[in-house]
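Asker: One file: target.cif (mmCIF, C-alpha atoms and all ligand atoms).
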data_run
loop_
_atom_site.label_atom_id
_atom_site.label_comp_id
_atom_site.auth_asym_id
_atom_site.auth_seq_id
_atom_site.Cartn_x
_atom_site.Cartn_y
_atom_site.Cartn_z
CA MET A 151 -19.77 -31.03 3.12
CA GLN A 152 -22.72 -33.40 2.98
CA SER A 153 -25.68 -31.89 4.84
CA GLU A 154 -27.51 -33.81 7.51
CA ILE A 155 -30.37 -36.06 6.37
CA LEU A 156 -33.51 -35.53 8.49
CA VAL A 157 -35.82 -37.92 6.68
CA HIS A 158 -34.65 -41.09 5.04
CA ALA A 159 -37.17 -43.35 3.30
CA ARG A 160 -36.33 -46.50 1.37
CA ASP A 161 -38.94 -48.55 -0.45
CA VAL A 162 -41.67 -47.44 1.95
CA ARG A 163 -45.05 -49.08 1.37
CA LYS A 164 -48.49 -48.74 2.90
CA THR A 165 -51.35 -51.09 2.22
CA PHE A 166 -54.96 -50.48 3.30
CA GLY A 167 -56.73 -53.83 2.97
CA ASP A 168 -55.75 -54.96 -0.51
CA PHE A 169 -55.10 -51.41 -1.76
CA GLU A 170 -51.50 -50.22 -1.85
CA ALA A 171 -51.62 -46.43 -1.31
CA VAL A 172 -47.83 -45.97 -1.10
CA ARG A 173 -45.86 -48.26 -3.36
CA GLY A 174 -42.16 -48.17 -2.63
CA VAL A 175 -41.23 -44.55 -1.98
CA SER A 176 -37.55 -43.72 -1.53
CA LEU A 177 -36.40 -40.20 -0.76
CA GLU A 178 -34.17 -38.11 1.47
CA ILE A 179 -34.89 -34.73 3.01
CA ARG A 180 -31.87 -32.67 3.99
CA LYS A 181 -31.61 -30.30 6.91
CA GLY A 182 -32.55 -26.74 6.00
CA GLU A 183 -34.21 -27.41 2.67
CA CYS A 184 -37.79 -26.99 1.53
CA PHE A 185 -38.73 -30.32 0.02
CA GLY A 186 -41.85 -30.65 -2.12
CA LEU A 187 -44.15 -33.64 -2.39
CA LEU A 188 -46.35 -33.17 -5.45
CA GLY A 189 -48.88 -35.43 -7.07
CA PRO A 190 -52.51 -35.67 -8.12
CA ASN A 191 -55.36 -36.33 -5.67
CA GLY A 192 -54.96 -39.79 -4.19
CA ALA A 193 -51.26 -40.10 -5.08
CA GLY A 194 -50.41 -41.06 -1.49
CA LYS A 195 -48.87 -37.79 -0.26
CA SER A 196 -50.84 -37.45 2.99
CA THR A 197 -50.46 -41.16 3.69
CA PHE A 198 -46.68 -40.84 3.31
CA ILE A 199 -46.62 -37.80 5.58
CA SER A 200 -48.70 -39.57 8.23
CA MET A 201 -46.11 -42.33 8.35
CA LEU A 202 -43.40 -39.78 9.21
CA TYR A 203 -44.94 -39.07 12.58
CA GLY A 204 -46.45 -42.43 13.35
CA VAL A 205 -50.15 -41.67 12.79
CA VAL A 206 -50.10 -44.32 10.08
CA ASN A 207 -47.72 -47.24 10.39
CA ARG A 208 -45.94 -48.30 7.23
CA THR A 209 -46.47 -51.81 5.97
CA SER A 210 -42.84 -52.26 4.92
CA GLY A 211 -39.64 -50.45 4.01
CA GLU A 212 -37.11 -48.38 5.92
CA LEU A 213 -38.03 -45.03 7.41
CA SER A 214 -36.09 -42.80 9.74
CA VAL A 215 -36.88 -39.28 10.91
CA PHE A 216 -34.19 -37.51 12.96
CA GLY A 217 -32.46 -40.90 12.92
CA GLN A 218 -35.40 -42.59 14.66
CA ASP A 219 -38.04 -45.00 13.45
CA PRO A 220 -41.46 -43.28 13.75
CA ARG A 221 -43.15 -46.67 14.08
CA THR A 222 -41.44 -47.28 17.40
CA ASN A 223 -40.43 -43.75 18.47
CA ALA A 224 -43.39 -41.62 17.37
CA ARG A 225 -43.28 -39.52 20.52
CA ALA A 226 -39.63 -38.52 20.15
CA VAL A 227 -40.12 -37.79 16.47
CA LYS A 228 -43.26 -35.71 17.00
CA ARG A 229 -41.54 -33.57 19.60
CA ARG A 230 -39.26 -32.10 16.92
CA MET A 231 -41.93 -31.77 14.27
CA GLY A 232 -44.78 -29.34 13.59
CA VAL A 233 -47.56 -30.35 11.25
CA VAL A 234 -50.01 -28.23 9.32
CA THR A 235 -52.44 -31.01 8.50
CA GLN A 236 -54.64 -30.99 5.42
CA ASP A 237 -57.70 -30.44 7.68
CA ASN A 238 -57.64 -27.62 10.21
CA ALA A 239 -59.17 -29.64 13.09
CA LEU A 240 -59.52 -26.64 15.43
CA ASP A 241 -61.82 -26.55 18.44
CA GLU A 242 -64.37 -24.01 17.26
CA SER A 243 -65.87 -23.46 20.71
CA LEU A 244 -62.74 -21.68 22.03
CA SER A 245 -61.14 -18.35 21.33
CA VAL A 246 -58.00 -18.17 19.22
CA ARG A 247 -55.70 -17.60 22.19
CA GLU A 248 -57.41 -20.16 24.46
CA ASN A 249 -57.13 -22.80 21.78
CA MET A 250 -53.40 -22.19 21.36
CA LEU A 251 -52.79 -22.13 25.13
CA LEU A 252 -54.57 -25.44 25.41
CA TYR A 253 -52.41 -26.86 22.69
CA ALA A 254 -49.27 -25.48 24.35
CA ALA A 255 -50.29 -27.35 27.50
CA PHE A 256 -50.93 -30.45 25.42
CA VAL A 257 -47.36 -30.38 24.04
CA ALA A 258 -46.09 -29.93 27.61
CA MET A 259 -44.71 -26.41 27.19
CA PRO A 260 -43.66 -24.92 30.56
CA VAL A 261 -46.52 -22.79 31.97
CA ASP A 262 -44.53 -19.55 32.14
CA GLU A 263 -43.58 -19.80 28.45
CA ARG A 264 -47.02 -20.45 26.99
CA GLY A 265 -48.55 -16.97 26.89
CA ARG A 266 -45.41 -15.35 25.50
CA ARG A 267 -44.92 -18.01 22.85
CA VAL A 268 -48.56 -17.97 21.73
CA ASP A 269 -48.63 -14.17 21.51
CA ALA A 270 -45.36 -14.04 19.57
CA LEU A 271 -46.62 -16.57 17.04
CA LEU A 272 -50.02 -14.89 16.69
CA GLU A 273 -48.07 -11.73 15.91
CA PHE A 274 -45.82 -13.60 13.42
CA MET A 275 -48.88 -14.94 11.59
CA SER A 276 -50.64 -11.55 11.63
CA LEU A 277 -53.38 -12.82 13.94
CA ALA A 278 -52.71 -10.80 17.10
CA HIS A 279 -55.83 -8.69 16.53
CA LYS A 280 -57.95 -11.86 16.54
CA ALA A 281 -56.54 -13.34 19.77
CA HIS A 282 -59.79 -13.03 21.72
CA ASP A 283 -62.21 -13.86 18.90
CA SER A 284 -63.95 -17.19 18.65
CA ILE A 285 -62.43 -19.49 16.08
CA ARG A 286 -65.89 -20.01 14.63
CA PHE A 287 -65.81 -16.48 13.23
CA LEU A 288 -62.39 -16.61 11.57
CA SER A 289 -62.11 -16.64 7.78
CA GLY A 290 -60.62 -19.67 6.03
CA GLY A 291 -57.30 -17.87 5.64
CA MET A 292 -57.17 -16.94 9.34
CA LYS A 293 -57.92 -20.52 10.40
CA ARG A 294 -55.11 -21.74 8.17
CA ARG A 295 -52.71 -19.21 9.73
CA LEU A 296 -53.81 -20.36 13.16
CA VAL A 297 -52.93 -23.94 12.24
CA PHE A 298 -49.44 -22.61 11.39
CA VAL A 299 -49.26 -21.08 14.86
CA ARG A 300 -50.22 -24.43 16.37
CA ALA A 301 -47.61 -26.25 14.28
CA LEU A 302 -44.85 -23.84 15.33
CA LEU A 303 -45.58 -23.75 19.07
CA GLY A 304 -43.13 -26.48 20.00
CA HIS A 305 -40.10 -24.95 18.15
CA PRO A 306 -40.06 -27.73 15.53
CA ASP A 307 -36.95 -28.52 13.48
CA LEU A 308 -39.08 -30.06 10.74
CA VAL A 309 -42.26 -28.31 9.61
CA ILE A 310 -44.67 -30.39 7.57
CA LEU A 311 -47.14 -28.43 5.46
CA ASP A 312 -49.87 -30.55 3.87
CA GLU A 313 -51.52 -28.27 1.31
CA PRO A 314 -51.08 -25.16 3.47
CA THR A 315 -52.62 -22.75 0.97
CA THR A 316 -55.40 -24.75 -0.66
CA GLY A 317 -58.55 -22.67 -1.04
CA LEU A 318 -56.91 -19.42 0.07
CA ASP A 319 -56.98 -16.15 -1.83
CA PRO A 320 -53.77 -14.93 -3.54
CA ALA A 321 -53.03 -12.30 -0.86
CA VAL A 322 -53.10 -14.85 1.98
CA ARG A 323 -51.17 -17.33 -0.13
CA HIS A 324 -48.44 -14.76 -0.73
CA LEU A 325 -48.37 -13.87 2.96
CA LEU A 326 -47.89 -17.56 3.82
CA TRP A 327 -45.11 -17.90 1.23
CA GLY A 328 -43.32 -15.06 2.98
CA LYS A 329 -43.75 -16.80 6.34
CA ILE A 330 -42.51 -20.10 4.94
CA ASN A 331 -39.42 -18.31 3.60
CA ASP A 332 -38.92 -16.75 7.04
CA LEU A 333 -39.01 -20.24 8.57
CA LYS A 334 -36.44 -21.42 6.03
CA ALA A 335 -34.23 -18.46 6.87
CA GLU A 336 -34.41 -19.52 10.53
CA GLY A 337 -32.93 -22.86 9.45
CA LYS A 338 -36.06 -24.96 9.66
CA THR A 339 -36.53 -27.88 7.32
CA ILE A 340 -39.82 -27.90 5.45
CA LEU A 341 -41.81 -30.64 3.77
CA LEU A 342 -44.52 -29.17 1.59
CA THR A 343 -47.33 -30.71 -0.40
CA THR A 344 -49.25 -28.52 -2.78
CA HIS A 345 -51.39 -28.67 -5.87
CA TYR A 346 -50.13 -25.24 -6.92
CA MET A 347 -47.15 -25.73 -9.18
CA HIS A 348 -46.16 -22.10 -8.98
CA GLU A 349 -46.06 -22.40 -5.18
CA ALA A 350 -43.69 -25.36 -5.48
CA GLU A 351 -41.54 -23.41 -7.94
CA VAL A 352 -41.37 -20.43 -5.58
CA LEU A 353 -40.65 -22.36 -2.38
CA CYS A 354 -39.09 -25.75 -3.03
CA ASP A 355 -35.36 -26.40 -3.28
CA ARG A 356 -36.04 -29.97 -4.40
CA LEU A 357 -39.16 -31.98 -4.95
CA VAL A 358 -40.58 -35.32 -5.98
CA ILE A 359 -43.66 -35.95 -8.08
CA MET A 360 -45.73 -38.91 -6.94
CA ASN A 361 -48.37 -40.72 -8.94
CA GLN A 362 -50.41 -43.70 -7.79
CA GLY A 363 -48.21 -44.27 -4.75
CA GLN A 364 -44.86 -44.05 -6.52
CA VAL A 365 -42.20 -41.39 -7.05
CA ILE A 366 -42.05 -40.74 -10.79
CA ALA A 367 -39.64 -37.77 -10.87
CA GLU A 368 -37.20 -36.02 -8.56
CA GLY A 369 -35.05 -32.90 -8.74
CA THR A 370 -34.99 -29.13 -8.42
CA PRO A 371 -37.94 -27.36 -10.09
CA GLU A 372 -35.57 -26.05 -12.76
CA SER A 373 -33.87 -29.39 -13.43
CA LEU A 374 -37.27 -31.08 -13.81
CA ARG A 375 -38.38 -28.41 -16.23
CA LEU A 376 -35.21 -28.67 -18.31
CA LYS A 377 -35.34 -32.45 -18.32
CA HIS A 378 -39.01 -33.03 -19.11
CA THR A 379 -40.37 -29.89 -20.78
CA PRO A 380 -37.53 -27.60 -21.96
CA GLY A 381 -38.39 -24.57 -24.06
CA TYR A 382 -41.59 -22.63 -24.55
CA VAL A 383 -45.30 -23.43 -24.50
CA ALA A 384 -48.26 -22.07 -26.45
CA VAL A 385 -51.71 -22.90 -25.18
CA PHE A 386 -54.40 -22.87 -27.86
CA PRO A 387 -58.12 -22.93 -27.19
CA LYS A 388 -60.17 -26.02 -27.98
CA THR A 389 -62.47 -24.40 -30.49
CA HIS A 390 -63.74 -25.79 -33.78
CA GLY A 391 -60.42 -25.02 -35.50
CA HIS A 392 -58.23 -26.80 -33.01
CA ARG A 393 -57.60 -29.94 -35.10
CA HIS A 394 -56.03 -27.69 -37.70
CA VAL A 395 -53.72 -26.22 -35.05
CA GLN A 396 -52.88 -29.69 -33.84
CA GLU A 397 -51.99 -30.93 -37.32
CA ALA A 398 -49.80 -27.91 -38.03
CA ALA A 399 -47.95 -28.41 -34.74
CA GLU A 400 -47.48 -32.12 -35.40
CA LYS A 401 -46.13 -31.37 -38.87
CA ARG A 402 -43.49 -29.14 -37.28
CA GLY A 403 -42.57 -31.90 -34.82
CA PHE A 404 -43.63 -29.97 -31.70
CA GLN A 405 -44.61 -31.73 -28.48
CA LEU A 406 -48.35 -31.79 -27.83
CA VAL A 407 -50.48 -32.34 -24.75
CA GLU A 408 -54.23 -31.98 -24.86
CA ASP A 409 -56.59 -31.63 -21.95
CA SER A 410 -60.05 -30.23 -21.39
CA SER A 411 -58.71 -26.67 -21.05
CA GLY A 412 -56.74 -26.50 -24.28
CA ILE A 413 -53.92 -27.79 -26.44
CA TYR A 414 -50.43 -27.31 -24.98
CA ILE A 415 -47.80 -27.09 -27.69
CA ARG A 416 -44.13 -27.01 -26.79
CA ALA A 417 -41.16 -25.97 -28.93
CA SER A 418 -37.57 -25.10 -28.11
CA GLU A 419 -37.84 -21.46 -29.26
CA LEU A 420 -40.53 -18.84 -28.74
CA THR A 421 -40.14 -17.72 -32.36
CA GLU A 422 -41.20 -21.19 -33.56
CA LEU A 423 -44.47 -20.84 -31.66
CA LEU A 424 -45.04 -17.32 -32.97
CA SER A 425 -44.56 -18.61 -36.49
CA LEU A 426 -47.03 -21.47 -35.82
CA GLN A 427 -49.54 -18.95 -34.50
CA GLU A 428 -49.17 -16.94 -37.68
CA GLU A 429 -49.60 -19.99 -39.88
CA VAL A 430 -52.79 -21.29 -38.21
CA LYS A 431 -54.28 -17.83 -37.72
CA VAL A 432 -55.46 -18.66 -34.23
CA GLN A 433 -54.48 -16.51 -31.27
CA ALA A 434 -52.81 -18.55 -28.51
CA LEU A 435 -54.27 -18.10 -25.01
CA GLN A 436 -50.76 -18.17 -23.57
CA LEU A 437 -47.24 -17.90 -24.97
CA ARG A 438 -44.64 -18.47 -22.26
CA PRO A 439 -41.59 -20.37 -21.04
CA SER A 440 -42.55 -23.85 -19.85
CA HIS A 441 -43.05 -24.28 -16.12
CA LEU A 442 -43.57 -26.99 -13.53
CA GLU A 443 -47.24 -27.38 -14.38
CA ASP A 444 -46.21 -28.57 -17.85
CA VAL A 445 -43.90 -31.15 -16.26
CA PHE A 446 -46.69 -32.25 -13.94
CA LEU A 447 -49.23 -32.64 -16.75
CA LYS A 448 -46.77 -34.51 -18.92
CA LEU A 449 -45.76 -36.97 -16.21
CA THR A 450 -49.03 -37.58 -14.42
CA GLY A 451 -51.19 -37.70 -17.56
CA LYS A 452 -54.23 -35.66 -18.35
CA GLU A 453 -56.79 -38.12 -17.05
CA LEU A 454 -57.74 -38.16 -13.38
CA ASN A 455 -56.93 -41.37 -11.56
CA ALA A 456 -60.10 -43.36 -10.98
CA ASP A 457 -59.44 -43.58 -7.24
CA ALA A 458 -58.60 -39.88 -6.76
N1 LIG B 1 -57.27 -44.99 6.12
C1 LIG B 1 -57.42 -45.33 4.83
N2 LIG B 1 -58.09 -46.44 4.48
C2 LIG B 1 -58.22 -46.79 3.19
N3 LIG B 1 -57.72 -46.09 2.14
C3 LIG B 1 -57.06 -44.97 2.43
C4 LIG B 1 -56.87 -44.52 3.78
N4 LIG B 1 -56.15 -43.37 3.75
C5 LIG B 1 -55.92 -43.11 2.44
N5 LIG B 1 -56.46 -44.07 1.66
C6 LIG B 1 -56.38 -44.13 0.18
O1 LIG B 1 -55.03 -44.03 -0.19
C7 LIG B 1 -54.90 -43.25 -1.39
C8 LIG B 1 -53.94 -42.11 -1.11
O2 LIG B 1 -54.57 -41.17 -0.25
P1 LIG B 1 -53.84 -39.87 0.26
O3 LIG B 1 -54.76 -39.16 1.17
O4 LIG B 1 -52.50 -40.25 0.79
O5 LIG B 1 -53.64 -39.06 -1.10
P2 LIG B 1 -53.08 -37.60 -1.33
O6 LIG B 1 -51.97 -37.72 -2.31
O7 LIG B 1 -52.81 -36.94 -0.04
O8 LIG B 1 -54.33 -36.92 -2.07
P3 LIG B 1 -54.91 -35.39 -1.97
O9 LIG B 1 -54.06 -34.59 -2.92
O10 LIG B 1 -56.30 -35.54 -2.48
O11 LIG B 1 -54.83 -34.95 -0.55
C9 LIG B 1 -56.31 -42.81 -1.77
O12 LIG B 1 -56.79 -43.70 -2.76
C10 LIG B 1 -57.10 -42.96 -0.47
O13 LIG B 1 -58.45 -43.26 -0.73
MG MG B 2 -53.57 -35.30 0.92
#
Would you mind writing the structure in this file as structure tokens?

Answerer:
Amino acid sequence: MQSEILVHARDVRKTFGDFEAVRGVSLEIRKGECFGLLGPNGAGKSTFISMLYGVVNRTSGELSVFGQDPRTNARAVKRRMGVVTQDNALDESLSVRENMLLYAAFVAMPVDERGRRVDALLEFMSLAHKAHDSIRFLSGGMKRRLVFVRALLGHPDLVILDEPTTGLDPAVRHLLWGKINDLKAEGKTILLTTHYMHEAEVLCDRLVIMNQGQVIAEGTPESLRLKHTPGYVAVFPKTHGHRHVQEAAEKRGFQLVEDSSGIYIRASELTELLSLQEEVKVQALQLRPSHLEDVFLKLTGKELNADA
């Protein structure tokens, strides 16, 4: 059975002045999946997301969210959506609980539900002990969790997470991954942007990689890996001997990507890389199966976009 499509985008474009930030994006997000939107800084991810709930109006193309056009029905669309925006945008003068109650009023939640709902979500995000503290004194990780609480207040069907874990320590990141999986288990649909490839691998059922406003790859994390960077990767340091390593790898016909952090050499078997390591007499920094980060580097290039 074909699952329900919650977001349908066809050739969506957004122009700011004479700059085209989103250049013909087509994608579909199915009910119940965690869909990833990856891409370098400035790729157009946040702009695309903003068009889904009518904060930014698209310049052209077809877009429907819950079967509605967010350009004309932003209110109806927003009612079924919760957004963890890239910036926290919390009112720092209020306490945690006050801020959430205010927001519950803002989204027109019935008065008798507000306290119970806020407390349940503070508990869910492990923030109950901070309910009466001023937001000003929360750590970065706590503020991020509070933005999750805010996004979930209105029982959204679609949860949009724009870089939910950027700048957070590994423990908080792992806690949030658990919460995101809980949301998935409840049947919520999730749209996630992240710069952490491992996070996308852990959470996303399907994803697209965007670059300079366009979708350049689409699939499951595993299918992208098998298609673009199958096999194993050795990362060698960029020391004085690295040209020698590079030449030896090229002679063996291995794939090579170089960036400021090292030389990434890919071969179909781990034993081939071990034998290369032996030949060049340089210890690799890493020897591992390829992962999504290798796909990302290969497809988006090693240079930063000038407008990032
Ligand atoms: N309101 C605006 N006016 C002009 N240009 C804008 C506006 N909003 C975004 N842009 C430009 O559009 C491009 C895409 O920005 P966007 O914020 O969507 O990127 P992103 O993929 O979310 O990047 P990041 O990973 O850094 O968050 C950038 O070049 C940005 O400068
Ligand atoms: Mg962004």

Asker: Please identify every polymer residue within 7 Å of ligand LIG 1 (chain B), using all atoms listed in the file, and present the set as a PyMOL selection string.

Answerer: chain A and resi 166+171+189-198+457-458

Asker: Starting from the point (-41.2, -23.7, -3.5), work out which residues of protein, DNA or RNA have an atom no more than 12 Å away when counting all atoms listed in the file; state them as a PyMOL selection string.

Answerer: chain A and resi 183-188+311+324+326-328+330-331+334+340-358+370-372+442

Asker: Write out as JSON lines the residues of region 212-300 of chain A that have any atom within 12 Å of an atom of region 314-321 of chain A, one row each with the nearest atom pair and its distance in Å to one decimal, counting all atoms listed in the file, sorted by chain and then rising number.

Answerer:
{"residue": "A:Val233", "atom": "CA", "partner": "A:Pro314", "partner_atom": "CA", "distance": 10.0}
{"residue": "A:Val234", "atom": "CA", "partner": "A:Pro314", "partner_atom": "CA", "distance": 6.7}
{"residue": "A:Thr235", "atom": "CA", "partner": "A:Pro314", "partner_atom": "CA", "distance": 7.8}
{"residue": "A:Gln236", "atom": "CA", "partner": "A:Pro314", "partner_atom": "CA", "distance": 7.1}
{"residue": "A:Asp237", "atom": "CA", "partner": "A:Pro314", "partner_atom": "CA", "distance": 9.5}
{"residue": "A:Asn238", "atom": "CA", "partner": "A:Pro314", "partner_atom": "CA", "distance": 9.7}
{"residue": "A:Ser289", "atom": "CA", "partner": "A:Leu318", "partner_atom": "CA", "distance": 9.7}
{"residue": "A:Gly290", "atom": "CA", "partner": "A:Leu318", "partner_atom": "CA", "distance": 7.0}
{"residue": "A:Gly291", "atom": "CA", "partner": "A:Leu318", "partner_atom": "CA", "distance": 5.8}
{"residue": "A:Met292", "atom": "CA", "partner": "A:Leu318", "partner_atom": "CA", "distance": 9.6}
{"residue": "A:Lys293", "atom": "CA", "partner": "A:Leu318", "partner_atom": "CA", "distance": 10.4}
{"residue": "A:Arg294", "atom": "CA", "partner": "A:Pro314", "partner_atom": "CA", "distance": 7.1}
{"residue": "A:Arg295", "atom": "CA", "partner": "A:Pro314", "partner_atom": "CA", "distance": 8.8}
{"residue": "A:Leu296", "atom": "CA", "partner": "A:Pro314", "partner_atom": "CA", "distance": 11.2}
{"residue": "A:Val297", "atom": "CA", "partner": "A:Pro314", "partner_atom": "CA", "distance": 9.0}
{"residue": "A:Phe298", "atom": "CA", "partner": "A:Pro314", "partner_atom": "CA", "distance": 8.5}

Asker: Calculated over only C-alpha atoms and all ligand atoms, which of the candidates A:Ser200, A:Ser210, A:Gln433, A:Ser425 has the smallest distance to ligand MG 2 (chain B)?

Answerer: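 Smallest separation from ligand MG 2 (chain B) among the options: A:Ser200.
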
Asker: Nearest to ligand MG 2 (chain B) among A:Ser214, A:Phe256, A:Arg229, A:Ile199, with distances taken over only C-alpha atoms and all ligand atoms: which residue is it?

Answerer: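 Closest to ligand MG 2 (chain B), using only C-alpha atoms and all ligand atoms: A:Ile199.
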
Asker: Could you list, as JSON, numbers by chain, every residue within 9 Å of Pro220 (chain A), counting only C-alpha atoms and ignoring same-chain residues fewer than 2 positions away?

Answerer: {"A": [201, 202, 203, 204, 205, 207, 213, 214, 215, 218, 222, 223, 224, 225, 226, 227, 228]}

Asker: Please provide the set of residues having any atom within 9 Å of Ser153 (chain A), restricted to only C-alpha atoms, with same-chain residues fewer than 5 positions apart removed, written as a ChimeraX atom specification.

Answerer: /A:180-182

Asker: Can you spit out the residues from that selection as an mmCIF file, in the frame of the given file, using C-alpha atoms?

Answerer:
data_model
loop_
_atom_site.group_PDB
_atom_site.id
_atom_site.type_symbol
_atom_site.label_atom_id
_atom_site.label_comp_id
_atom_site.auth_asym_id
_atom_site.auth_seq_id
_atom_site.Cartn_x
_atom_site.Cartn_y
_atom_site.Cartn_z
ATOM 1 C CA ARG A 180 -31.870 -32.670 3.990
ATOM 2 C CA LYS A 181 -31.610 -30.300 6.910
ATOM 3 C CA GLY A 182 -32.550 -26.740 6.000
#

Asker: Kindly indicate which residue among A:Ser245, A:Pro260, A:Phe274, A:Gly363 lies nearest to ligand MG 2 (chain B), using all atoms listed in the file for the distances.

Answerer: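 Closest to ligand MG 2 (chain B) of all the choices is A:Gly363.
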
Asker: Using only C-alpha atoms and all ligand atoms, which of the listed residues (A:Glu313, A:Pro380, A:Val407, A:His390) sits closest to ligand MG 2 (chain B)?

Answerer: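 Closest candidate: A:Glu313.
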
Asker: What's the separation between CA of Thr379 (chain A) and CA of His392 (chain A), in Å to one decimal place?

Answerer: 21.9 Å

Asker: Which residues come within 10 Å of region 280-284 of chain A, counting all atoms listed in the file, excluding same-chain residues fewer than 6 positions away, as a short mmCIF file (atom, residue, chain, number, x, y, z; two decimals) with C-alpha atoms, in the coordinates of the input?

Answerer:
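Below is the file that was written, result-v6.cif:
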data_model
loop_
_atom_site.label_atom_id
_atom_site.label_comp_id
_atom_site.auth_asym_id
_atom_site.auth_seq_id
_atom_site.Cartn_x
_atom_site.Cartn_y
_atom_site.Cartn_z
CA ASP A 241 -61.82 -26.55 18.44
CA GLU A 242 -64.37 -24.01 17.26
CA SER A 243 -65.87 -23.46 20.71
CA LEU A 244 -62.74 -21.68 22.03
CA SER A 245 -61.14 -18.35 21.33
CA VAL A 246 -58.00 -18.17 19.22
CA ARG A 247 -55.70 -17.60 22.19
CA GLU A 248 -57.41 -20.16 24.46
CA ASN A 249 -57.13 -22.80 21.78
CA MET A 250 -53.40 -22.19 21.36
CA VAL A 268 -48.56 -17.97 21.73
CA ASP A 269 -48.63 -14.17 21.51
CA LEU A 272 -50.02 -14.89 16.69
CA GLU A 273 -48.07 -11.73 15.91
CA MET A 292 -57.17 -16.94 9.34
#
